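Structure first, commentary second.
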Amino acid sequence: MTELRIPEATDRESLGAFVARAVRLDGQAVVRLRTRASGVLEAWVATPFDVLVTRAVHGAVSPADVSVSGSELLAALTVTPGEEMDPGPSRDLLWRSELPPATAATWRAVDQLPVHVVADLADRGVALARENVGPQGTPPASLMDQTVLTVTGDELEVTVPMRCLFALSGMGFVDSSVPEDVVRVSATDAWLRLDARYGAVLRRRHALLPLLF
């Protein structure tokens with residue numbers, strides 16, 4: 001049986017808001033919960049934009065790494081709130097995404113972007129997407145893969161595709177009403193990470209090469 005423990009009400013509300021956004025984007029969303037040794041609980045979701053999103057709160061889950069239904073987790077967080085809850089049965093077989101390295105030392109800070117710049121680019125992209133909806137009701141891949149930012153620093157040059165800004169906007173991670181806010185850009189050789197006030201967006205910088213047999 002899966003057991004989730006989040007002592008503080010504010011953390012339960014924070015995680016609930018994260019999961020609600022994820023379920024709004026994808027009704028079949030799966031949330032991967034992982035306990036860090038420091039008593040921090042990480043929640044991960046693979047979005048329809050083909051990027052990962054994550055938020056961390058103080059708490060723990062047992063087993064220490066388990067995937068659950070987003071809708072069932074949302075119900076546990078909102079219908080019967082309490083310090084300890086049942087997030088639903090394991091859905092580990094439904095999680096198919098690779099996670100980036102957990103060690104902070106592997107990430108290199110690239111730059112910080114004013115939140116109003118990121119929010120403005122995201123709003124423009126959303127407006128453009130509404131005018132160019134694909135056959136599946138989603139923005140065309142050509143739009144989502146369009147590079148909207150090129151960030152350099154620490155001897156790295158990182159390109160940020162529109163799909164990352166769609167995820168930032170769709171998950172409600174940026175708040176342009178706080179003018180001093182920034183979006184922190186960091187990277188490894190393989191991954192890009194954008195950290196905003198309410199969560200982070202991550203994506204592989206390079207596509208994995210297919211296996212040849």
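Chain labels A, B, ... are given in the sequence in which chains occur in the structure tokens; within each chain residues are numbered consecutively from 1, and ligands are likewise numbered from 1 in the order shown.
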Got a sec: who's within 10 Å of Trp191 in chain A, counting only C-alpha atoms, leaving out chain neighbours fewer than 2 positions off, as a PDB file with C-alpha atoms, in the first residue's frame?
```
ATOM      1  CA  LEU A  99      14.359  11.414 -15.182  1.00  0.00           C
ATOM      2  CA  PRO A 100      17.370  13.755 -15.185  1.00  0.00           C
ATOM      3  CA  PRO A 101      20.243  13.336 -12.710  1.00  0.00           C
ATOM      4  CA  TRP A 107      23.913  20.984 -13.040  1.00  0.00           C
ATOM      5  CA  VAL A 158      21.444  26.481 -24.385  1.00  0.00           C
ATOM      6  CA  SER A 186      20.635  25.536 -15.806  1.00  0.00           C
ATOM      7  CA  ALA A 187      21.875  22.589 -17.820  1.00  0.00           C
ATOM      8  CA  THR A 188      23.925  19.446 -17.971  1.00  0.00           C
ATOM      9  CA  ASP A 189      25.448  18.034 -21.131  1.00  0.00           C
ATOM     10  CA  ARG A 193      16.143  23.018 -16.699  1.00  0.00           C
ATOM     11  CA  LEU A 202      12.999  19.993 -17.789  1.00  0.00           C
ATOM     12  CA  ARG A 203      13.754  18.597 -21.225  1.00  0.00           C
ATOM     13  CA  ARG A 204      16.523  16.672 -22.913  1.00  0.00           C
ATOM     14  CA  ARG A 205      18.771  18.995 -24.891  1.00  0.00           C
ATOM     15  CA  HIS A 206      19.443  16.341 -27.547  1.00  0.00           C
TER      16      HIS A 206
END
```
Practice problem: Using only C-alpha atoms, determine which residues lie at most 9 Å from range 39-49 of chain A, disregarding the query and same-chain residues fewer than 2 positions distant; provide the list as a VMD selection string. | Solution: chain A and resid 6 15 18 to 19 22 25 to 26 29 to 37 51 to 61 67 70 95 to 97 99 138 144 163 to 164 166 to 167
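Look at range 114-124 of chain A: the protein and nucleic acid residues within 6 Å of it, using only C-alpha atoms and passing over chain neighbours fewer than 4 places away, are Leu165, Ser176, Asp181, Val182 and Val183 of chain A.
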Write to file, as an mmCIF file, in the first residue's frame, the residues of the selection just made, with C-alpha atoms.
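Printed below is out.cif as written:
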```cif
data_model
loop_
_atom_site.group_PDB
_atom_site.id
_atom_site.type_symbol
_atom_site.label_atom_id
_atom_site.label_comp_id
_atom_site.auth_asym_id
_atom_site.auth_seq_id
_atom_site.Cartn_x
_atom_site.Cartn_y
_atom_site.Cartn_z
ATOM 1 C CA LEU A 165 7.418 27.905 -22.326
ATOM 2 C CA SER A 176 4.623 38.223 -13.973
ATOM 3 C CA ASP A 181 11.182 37.410 -10.226
ATOM 4 C CA VAL A 182 13.524 35.502 -12.527
ATOM 5 C CA VAL A 183 13.543 32.179 -14.324
#
```
Practice problem: Give me every strand (DSSP E or B) residue in chain A, going by DSSP on the backbone, as an MDAnalysis selection string. | Solution: chainID A and resid 3:5 30:35 40:46 52:58 60:62 65:69 84:85 108:114 147:153 156:161 182:187 191:196 199:204
Exercise. Identify all residues of range 37-189 of chain A in helix (DSSP H, G or I) (DSSP on the backbone) and supply them as a PyMOL selection string.
Key: chain A and resi 70-78+92-94+104-106+115-131+141-144+162-170
